[in-house]
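Trainee: Here you go, this is work_28.pdb (PDB, C-alpha atoms, pLDDT in the B column).
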```pdb
ATOM      1  CA  MET A   1    -128.240-111.423  40.392  1.00 41.00           C
ATOM      2  CA  ALA A   2    -125.838-114.010  39.044  1.00 39.00           C
ATOM      3  CA  ARG A   3    -127.723-114.393  35.764  1.00 39.00           C
ATOM      4  CA  LEU A   4    -125.354-115.153  32.950  1.00 39.00           C
ATOM      5  CA  LEU A   5    -124.852-115.905  29.286  1.00 38.00           C
ATOM      6  CA  GLY A   6    -127.316-117.627  27.017  1.00 36.00           C
ATOM      7  CA  GLY A   7    -130.435-116.863  25.001  1.00 36.00           C
ATOM      8  CA  SER A   8    -129.746-114.829  21.910  1.00 37.00           C
ATOM      9  CA  PHE A   9    -126.206-114.004  23.028  1.00 38.00           C
ATOM     10  CA  CYS A  10    -123.265-116.358  22.718  1.00 40.00           C
ATOM     11  CA  PHE A  11    -119.732-117.015  23.874  1.00 38.00           C
ATOM     12  CA  TYR A  12    -116.860-116.035  21.605  1.00 40.00           C
ATOM     13  CA  TRP A  13    -113.720-118.148  21.672  1.00 45.00           C
ATOM     14  CA  ILE A  14    -110.620-116.162  22.469  1.00 51.00           C
ATOM     15  CA  SER A  15    -107.089-117.489  22.358  1.00 51.00           C
ATOM     16  CA  PRO A  16    -105.124-117.824  25.620  1.00 48.00           C
ATOM     17  CA  ILE A  17    -102.415-115.533  24.212  1.00 44.00           C
ATOM     18  CA  LEU A  18    -104.901-112.794  23.372  1.00 48.00           C
ATOM     19  CA  LEU A  19    -106.714-113.175  26.676  1.00 53.00           C
ATOM     20  CA  CYS A  20    -103.468-112.845  28.629  1.00 49.00           C
ATOM     21  CA  TRP A  21    -102.705-109.667  26.682  1.00 49.00           C
ATOM     22  CA  ILE A  22    -106.125-108.138  27.229  1.00 53.00           C
ATOM     23  CA  LEU A  23    -106.654-109.045  30.878  1.00 51.00           C
ATOM     24  CA  ALA A  24    -104.156-108.947  33.716  1.00 47.00           C
ATOM     25  CA  PRO A  25    -104.525-111.850  36.198  1.00 42.00           C
ATOM     26  CA  THR A  26    -106.070-109.677  38.890  1.00 44.00           C
ATOM     27  CA  LYS A  27    -109.139-109.764  41.079  1.00 44.00           C
ATOM     28  CA  THR A  28    -112.227-108.259  39.488  1.00 43.00           C
ATOM     29  CA  THR A  29    -113.953-105.852  41.829  1.00 44.00           C
ATOM     30  CA  ALA A  30    -116.427-103.548  40.133  1.00 46.00           C
ATOM     31  CA  PHE A  31    -118.690-105.313  37.714  1.00 46.00           C
ATOM     32  CA  VAL A  32    -121.660-107.527  37.185  1.00 47.00           C
ATOM     33  CA  VAL A  33    -122.621-108.880  33.771  1.00 47.00           C
ATOM     34  CA  SER A  34    -125.897-110.753  33.868  1.00 44.00           C
ATOM     35  CA  GLN A  35    -127.712-112.877  31.349  1.00 43.00           C
ATOM     36  CA  PHE A  36    -130.036-115.884  31.389  1.00 40.00           C
ATOM     37  CA  GLY A  37    -129.497-119.098  29.505  1.00 37.00           C
ATOM     38  CA  GLY A  38    -132.382-120.996  27.993  1.00 36.00           C
ATOM     39  CA  HIS A  39    -133.048-122.672  31.344  1.00 34.00           C
ATOM     40  CA  GLY A  40    -131.518-120.053  33.584  1.00 34.00           C
ATOM     41  CA  ILE A  41    -128.417-122.202  34.161  1.00 32.00           C
ATOM     42  CA  PRO A  42    -125.395-120.117  35.180  1.00 33.00           C
ATOM     43  CA  LEU A  43    -122.505-120.582  32.774  1.00 32.00           C
ATOM     44  CA  ALA A  44    -119.899-118.464  34.532  1.00 33.00           C
ATOM     45  CA  VAL A  45    -119.324-116.624  37.778  1.00 32.00           C
ATOM     46  CA  THR A  46    -118.825-112.996  38.726  1.00 36.00           C
ATOM     47  CA  SER A  47    -117.169-111.194  41.589  1.00 38.00           C
ATOM     48  CA  THR A  48    -119.073-111.456  44.856  1.00 33.00           C
ATOM     49  CA  SER A  49    -117.951-107.977  45.880  1.00 36.00           C
ATOM     50  CA  LEU A  50    -120.461-106.296  43.584  1.00 38.00           C
ATOM     51  CA  LEU A  51    -123.009-109.095  43.584  1.00 34.00           C
ATOM     52  CA  GLU A  52    -123.833-107.915  47.081  1.00 33.00           C
ATOM     53  CA  ALA A  53    -124.647-104.478  45.723  1.00 34.00           C
ATOM     54  CA  SER A  54    -126.782-105.792  42.871  1.00 37.00           C
ATOM     55  CA  SER A  55    -128.615-108.754  44.375  1.00 34.00           C
ATOM     56  CA  SER A  56    -131.076-106.912  46.581  1.00 34.00           C
ATOM     57  CA  PRO A  57    -134.644-106.185  45.424  1.00 34.00           C
ATOM     58  CA  SER A  58    -133.651-102.527  45.222  1.00 37.00           C
ATOM     59  CA  SER A  59    -130.905-103.097  42.652  1.00 42.00           C
ATOM     60  CA  PRO A  60    -131.201-101.226  39.311  1.00 42.00           C
ATOM     61  CA  ASP A  61    -134.440-101.927  37.468  1.00 41.00           C
ATOM     62  CA  ALA A  62    -133.687-102.164  33.761  1.00 37.00           C
ATOM     63  CA  SER A  63    -137.295-101.490  32.750  1.00 40.00           C
ATOM     64  CA  SER A  64    -136.558 -97.823  32.120  1.00 46.00           C
ATOM     65  CA  SER A  65    -133.689 -95.894  30.581  1.00 52.00           C
ATOM     66  CA  ALA A  66    -134.336 -92.805  32.704  1.00 50.00           C
ATOM     67  CA  THR A  67    -131.393 -91.739  34.857  1.00 50.00           C
ATOM     68  CA  VAL A  68    -132.073 -91.514  38.569  1.00 53.00           C
ATOM     69  CA  SER A  69    -130.765 -88.244  39.983  1.00 64.00           C
ATOM     70  CA  VAL A  70    -127.654 -89.069  41.995  1.00 79.00           C
ATOM     71  CA  GLU A  71    -124.707 -87.002  43.121  1.00 87.00           C
ATOM     72  CA  MET A  72    -121.414 -87.946  41.513  1.00 93.00           C
ATOM     73  CA  THR A  73    -117.850 -86.946  42.222  1.00 94.00           C
ATOM     74  CA  GLU A  74    -115.782 -85.462  39.415  1.00 96.00           C
ATOM     75  CA  SER A  75    -114.087 -88.832  38.926  1.00 97.00           C
ATOM     76  CA  GLU A  76    -117.395 -90.711  38.820  1.00 97.00           C
ATOM     77  CA  GLN A  77    -118.768 -88.209  36.318  1.00 96.00           C
ATOM     78  CA  GLY A  78    -115.738 -88.826  34.121  1.00 97.00           C
ATOM     79  CA  VAL A  79    -116.319 -92.585  34.182  1.00 97.00           C
ATOM     80  CA  TYR A  80    -120.008 -92.025  33.457  1.00 97.00           C
ATOM     81  CA  ASN A  81    -119.133 -89.802  30.478  1.00 97.00           C
ATOM     82  CA  PHE A  82    -116.792 -92.469  29.078  1.00 98.00           C
ATOM     83  CA  PHE A  83    -119.427 -95.197  29.172  1.00 98.00           C
ATOM     84  CA  GLU A  84    -122.020 -92.761  27.836  1.00 98.00           C
ATOM     85  CA  LYS A  85    -119.912 -92.308  24.695  1.00 98.00           C
ATOM     86  CA  LEU A  86    -119.960 -96.095  24.182  1.00 98.00           C
ATOM     87  CA  HIS A  87    -123.705 -96.171  24.830  1.00 98.00           C
ATOM     88  CA  LYS A  88    -124.492 -93.353  22.396  1.00 97.00           C
ATOM     89  CA  SER A  89    -122.359 -94.903  19.659  1.00 97.00           C
ATOM     90  CA  ALA A  90    -124.819 -97.843  19.456  1.00 96.00           C
ATOM     91  CA  TYR A  91    -121.878-100.058  18.460  1.00 96.00           C
ATOM     92  CA  LYS A  92    -121.539-103.587  19.754  1.00 96.00           C
ATOM     93  CA  PHE A  93    -118.716-104.344  22.153  1.00 97.00           C
ATOM     94  CA  ARG A  94    -117.324-107.663  23.304  1.00 96.00           C
ATOM     95  CA  ILE A  95    -117.378-107.516  27.097  1.00 96.00           C
ATOM     96  CA  ILE A  96    -114.816-109.711  28.830  1.00 95.00           C
ATOM     97  CA  VAL A  97    -114.824-110.224  32.581  1.00 90.00           C
ATOM     98  CA  VAL A  98    -112.542-112.510  34.580  1.00 87.00           C
ATOM     99  CA  GLY A  99    -114.031-113.543  37.930  1.00 84.00           C
ATOM    100  CA  ASN A 100    -111.915-114.070  41.023  1.00 82.00           C
ATOM    101  CA  THR A 101    -112.865-117.756  41.236  1.00 83.00           C
ATOM    102  CA  GLY A 102    -111.647-118.825  37.792  1.00 87.00           C
ATOM    103  CA  GLY A 103    -114.671-118.059  35.628  1.00 91.00           C
ATOM    104  CA  ILE A 104    -114.300-116.080  32.400  1.00 92.00           C
ATOM    105  CA  LEU A 105    -117.365-114.402  30.926  1.00 91.00           C
ATOM    106  CA  GLU A 106    -117.638-113.049  27.396  1.00 94.00           C
ATOM    107  CA  THR A 107    -120.619-111.600  25.575  1.00 94.00           C
ATOM    108  CA  THR A 108    -121.218-109.091  22.806  1.00 95.00           C
ATOM    109  CA  SER A 109    -123.803-106.348  23.100  1.00 96.00           C
ATOM    110  CA  ILE A 110    -124.530-102.689  22.620  1.00 96.00           C
ATOM    111  CA  MET A 111    -124.274-100.655  25.828  1.00 96.00           C
ATOM    112  CA  GLY A 112    -128.008-100.343  26.246  1.00 96.00           C
ATOM    113  CA  PRO A 113    -130.566 -99.328  25.234  1.00 96.00           C
ATOM    114  CA  VAL A 114    -131.120 -98.903  28.983  1.00 96.00           C
ATOM    115  CA  PHE A 115    -128.494 -96.544  30.426  1.00 97.00           C
ATOM    116  CA  LYS A 116    -129.074 -95.200  33.932  1.00 95.00           C
ATOM    117  CA  THR A 117    -127.638 -94.688  37.392  1.00 95.00           C
ATOM    118  CA  ASN A 118    -128.916 -95.271  40.887  1.00 90.00           C
ATOM    119  CA  THR A 119    -127.540 -95.459  44.403  1.00 90.00           C
ATOM    120  CA  SER A 120    -126.931 -98.890  45.872  1.00 85.00           C
ATOM    121  CA  PRO A 121    -129.034 -99.273  49.028  1.00 85.00           C
ATOM    122  CA  LYS A 122    -126.302-101.432  50.586  1.00 85.00           C
ATOM    123  CA  SER A 123    -123.055 -99.643  49.712  1.00 87.00           C
ATOM    124  CA  GLY A 124    -124.427 -96.154  49.124  1.00 90.00           C
ATOM    125  CA  LYS A 125    -122.284 -95.975  45.977  1.00 92.00           C
ATOM    126  CA  THR A 126    -123.444 -95.012  42.505  1.00 94.00           C
ATOM    127  CA  LEU A 127    -124.128 -97.875  40.107  1.00 94.00           C
ATOM    128  CA  LEU A 128    -124.252 -97.412  36.359  1.00 96.00           C
ATOM    129  CA  THR A 129    -126.567 -99.876  34.619  1.00 95.00           C
ATOM    130  CA  MET A 130    -126.466-100.760  30.932  1.00 96.00           C
ATOM    131  CA  ALA A 131    -129.072-103.300  29.904  1.00 96.00           C
ATOM    132  CA  SER A 132    -131.387-104.580  27.214  1.00 95.00           C
ATOM    133  CA  ASP A 133    -135.062-103.673  27.434  1.00 94.00           C
ATOM    134  CA  ASP A 134    -136.024-107.253  28.331  1.00 94.00           C
ATOM    135  CA  GLN A 135    -133.249-107.508  30.966  1.00 91.00           C
ATOM    136  CA  THR A 136    -131.689-110.587  29.326  1.00 93.00           C
ATOM    137  CA  PHE A 137    -128.497-108.537  29.325  1.00 93.00           C
ATOM    138  CA  GLU A 138    -127.432-106.401  32.271  1.00 93.00           C
ATOM    139  CA  PHE A 139    -124.077-104.786  32.987  1.00 94.00           C
ATOM    140  CA  HIS A 140    -123.570-102.902  36.269  1.00 93.00           C
ATOM    141  CA  VAL A 141    -120.477-100.855  37.103  1.00 94.00           C
ATOM    142  CA  THR A 142    -119.671 -99.219  40.441  1.00 94.00           C
ATOM    143  CA  LEU A 143    -118.418 -95.857  39.218  1.00 97.00           C
ATOM    144  CA  ALA A 144    -116.246 -95.158  42.277  1.00 96.00           C
ATOM    145  CA  GLN A 145    -114.238 -98.356  41.685  1.00 95.00           C
ATOM    146  CA  VAL A 146    -113.062 -97.243  38.235  1.00 97.00           C
ATOM    147  CA  ALA A 147    -109.897 -95.130  38.327  1.00 98.00           C
ATOM    148  CA  LYS A 148    -108.492 -95.351  34.817  1.00 97.00           C
ATOM    149  CA  VAL A 149    -109.019 -96.689  31.330  1.00 98.00           C
ATOM    150  CA  ALA A 150    -106.507 -97.805  28.711  1.00 97.00           C
ATOM    151  CA  VAL A 151    -107.631 -97.324  25.114  1.00 98.00           C
ATOM    152  CA  VAL A 152    -105.365 -98.987  22.581  1.00 96.00           C
ATOM    153  CA  GLU A 153    -105.352-100.420  19.092  1.00 94.00           C
ATOM    154  CA  ARG A 154    -103.387-103.623  18.580  1.00 92.00           C
ATOM    155  CA  LYS A 155    -102.968-106.383  16.036  1.00 90.00           C
ATOM    156  CA  SER A 156    -104.220-109.818  17.011  1.00 87.00           C
ATOM    157  CA  PRO A 157    -101.494-112.398  17.744  1.00 88.00           C
ATOM    158  CA  ASP A 158    -101.817-113.812  14.219  1.00 90.00           C
ATOM    159  CA  GLY A 159    -101.694-110.328  12.717  1.00 86.00           C
ATOM    160  CA  ALA A 160    -104.943-110.845  10.837  1.00 87.00           C
ATOM    161  CA  LYS A 161    -107.138-108.409  12.778  1.00 87.00           C
ATOM    162  CA  THR A 162    -106.986-104.987  14.337  1.00 90.00           C
ATOM    163  CA  LEU A 163    -108.241-105.126  17.921  1.00 93.00           C
ATOM    164  CA  ARG A 164    -109.697-101.950  19.390  1.00 96.00           C
ATOM    165  CA  VAL A 165    -109.473-102.555  23.114  1.00 96.00           C
ATOM    166  CA  MET A 166    -110.499-100.650  26.238  1.00 98.00           C
ATOM    167  CA  ARG A 167    -109.260-101.930  29.594  1.00 97.00           C
ATOM    168  CA  VAL A 168    -111.199-100.515  32.535  1.00 97.00           C
ATOM    169  CA  LEU A 169    -109.097-100.570  35.729  1.00 97.00           C
ATOM    170  CA  THR A 170    -109.162 -99.769  39.423  1.00 96.00           C
ATOM    171  CA  ALA A 171    -106.623 -97.537  41.153  1.00 96.00           C
ATOM    172  CA  LYS A 172    -104.583-100.699  41.890  1.00 95.00           C
ATOM    173  CA  ASP A 173    -104.673-101.721  38.212  1.00 95.00           C
ATOM    174  CA  GLU A 174    -107.150-104.492  38.964  1.00 94.00           C
ATOM    175  CA  SER A 175    -109.297-105.370  35.985  1.00 94.00           C
ATOM    176  CA  VAL A 176    -112.907-104.235  36.053  1.00 94.00           C
ATOM    177  CA  CYS A 177    -113.542-105.425  32.512  1.00 95.00           C
ATOM    178  CA  SER A 178    -112.166-105.283  29.005  1.00 97.00           C
ATOM    179  CA  LEU A 179    -114.210-104.022  26.079  1.00 97.00           C
ATOM    180  CA  ILE A 180    -113.390-104.743  22.447  1.00 96.00           C
ATOM    181  CA  LEU A 181    -115.146-102.953  19.624  1.00 96.00           C
ATOM    182  CA  GLY A 182    -117.089-105.723  17.870  1.00 92.00           C
ATOM    183  CA  GLU A 183    -115.625-107.359  14.787  1.00 83.00           C
ATOM    184  CA  GLU A 184    -118.774-106.452  12.874  1.00 81.00           C
ATOM    185  CA  GLU A 185    -117.963-102.796  13.577  1.00 82.00           C
ATOM    186  CA  SER A 186    -115.095-102.724  11.104  1.00 79.00           C
ATOM    187  CA  ASN A 187    -116.220 -99.838   8.891  1.00 87.00           C
ATOM    188  CA  ASP A 188    -114.507 -96.472   8.562  1.00 90.00           C
ATOM    189  CA  GLU A 189    -117.080 -94.753  10.776  1.00 93.00           C
ATOM    190  CA  ALA A 190    -116.415 -97.151  13.656  1.00 93.00           C
ATOM    191  CA  ALA A 191    -112.664 -96.766  13.178  1.00 93.00           C
ATOM    192  CA  ALA A 192    -113.055 -92.978  13.334  1.00 94.00           C
ATOM    193  CA  PHE A 193    -115.131 -93.308  16.513  1.00 96.00           C
ATOM    194  CA  PHE A 194    -112.413 -95.376  18.177  1.00 96.00           C
ATOM    195  CA  GLN A 195    -109.743 -92.944  17.023  1.00 96.00           C
ATOM    196  CA  GLU A 196    -111.644 -90.174  18.820  1.00 97.00           C
ATOM    197  CA  LEU A 197    -111.636 -92.320  21.968  1.00 97.00           C
ATOM    198  CA  MET A 198    -107.875 -92.847  21.660  1.00 97.00           C
ATOM    199  CA  ASP A 199    -107.346 -89.126  21.157  1.00 97.00           C
ATOM    200  CA  GLU A 200    -109.314 -88.339  24.322  1.00 97.00           C
ATOM    201  CA  TYR A 201    -108.494 -91.294  26.575  1.00 96.00           C
ATOM    202  CA  GLY A 202    -105.487 -93.103  25.146  1.00 87.00           C
ATOM    203  CA  PRO A 203    -103.178 -94.657  25.715  1.00 95.00           C
ATOM    204  CA  ILE A 204    -104.223 -94.420  29.375  1.00 96.00           C
ATOM    205  CA  HIS A 205    -106.487 -91.949  31.119  1.00 97.00           C
ATOM    206  CA  GLU A 206    -106.987 -91.414  34.843  1.00 97.00           C
ATOM    207  CA  PHE A 207    -110.382 -90.212  36.015  1.00 97.00           C
TER     208      PHE A 207
END
```
Let me see the structure of the file written as structure tokens.
Mentor:
Amino acid sequence: MARLLGGSFCFYWISPILLCWILAPTKTTAFVVSQFGGHGIPLAVTSTSLLEASSSPSSPDASSSATVSVEMTESEQGVYNFFEKLHKSAYKFRIIVVGNTGGILETTSIMGPVFKTNTSPKSGKTLLTMASDDQTFEFHVTLAQVAKVAVVERKSPDGAKTLRVMRVLTAKDESVCSLILGEEESNDEAAAFFQELMDEYGPIHEF
């Protein structure tokens, strides 16, 4: 399901200094972000480790937001609850993923409206799917691969912006993805929402 950026979404330029700060140069192991371009031409690459789990015909169907009943460990439930807070906020987040073959993928989207889980028929692990109704945007996370999240507020390198960043990590501190609260979400309500996240999960939280 290597369907990537295009359509109504767009790439956002990000400085090398900021990117190095946000993302450690590690292998990405627990994500898929999918989106079609105007002609379905892939613009970036994702980790093959989870592509295997999401490329079969039985991978999550984003046509419904209903959650499939699956058993989750306490850790997986914690990860699910974290992403559910982002989903319910209806805020836009910049999603940044660094593939293990040199590709860097960025897009900005709400975490939904589709928000559901199912069990991968290949790995037997629980996948969380966040997607648009028309499936032009899909974001799959293997819950068991996520071990911790860092939630921090930082100034941009030029000092002109406040960056509200969430780094989702494996137990080995490998990057799953980084999420930045969208620049358009700069009102007091969004700032208060992120402060609540920092109070609960920051500066680093282990699931």
Trainee: Please measure the separation of CA of Ala144 in chain A and CA of Leu163 in chain A, giving the value in Å to one decimal.
Mentor: 27.5 Å
Trainee: Check what the PyMOL selection byres ((chain A and resi 192-201) around 8) selects in the file above and give those residues as a PyMOL selection string.
Mentor: chain A and resi 149-152+164+188-191+202-205
Trainee: Take the residues from that selection and put them in a file with C-alpha atoms, as a PDB file, in the coordinates of the input.
Mentor:
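Writing done, so here's selection_25.pdb:
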```
ATOM      1  CA  VAL A 149    -109.019 -96.689  31.330  1.00 98.00           C
ATOM      2  CA  ALA A 150    -106.507 -97.805  28.711  1.00 97.00           C
ATOM      3  CA  VAL A 151    -107.631 -97.324  25.114  1.00 98.00           C
ATOM      4  CA  VAL A 152    -105.365 -98.987  22.581  1.00 96.00           C
ATOM      5  CA  ARG A 164    -109.697-101.950  19.390  1.00 96.00           C
ATOM      6  CA  ASP A 188    -114.507 -96.472   8.562  1.00 90.00           C
ATOM      7  CA  GLU A 189    -117.080 -94.753  10.776  1.00 93.00           C
ATOM      8  CA  ALA A 190    -116.415 -97.151  13.656  1.00 93.00           C
ATOM      9  CA  ALA A 191    -112.664 -96.766  13.178  1.00 93.00           C
ATOM     10  CA  GLY A 202    -105.487 -93.103  25.146  1.00 87.00           C
ATOM     11  CA  PRO A 203    -103.178 -94.657  25.715  1.00 95.00           C
ATOM     12  CA  ILE A 204    -104.223 -94.420  29.375  1.00 96.00           C
ATOM     13  CA  HIS A 205    -106.487 -91.949  31.119  1.00 97.00           C
TER      14      HIS A 205
END
```
Trainee: On this structure, which residues satisfy the PyMOL selection byres ((chain A and resi 180-184) around 7), written as a PyMOL selection string?
Mentor: chain A and resi 92-95+163-166+178-179+185-186
Trainee: Between CA of Val97 in chain A and CA of Pro121 in chain A, what distance in Å does the model show, to one decimal?
Mentor: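 Separation between CA of Val97 in chain A and CA of Pro121 in chain A: 24.3 Å.
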Trainee: Pick the closest to Lys125 in chain A from A:Glu206, A:Thr73, A:Pro157, A:Ile110: which is it, counting all atoms listed in the file?
Mentor: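 Of all the options, A:Thr73 lies closest to Lys125 in chain A.
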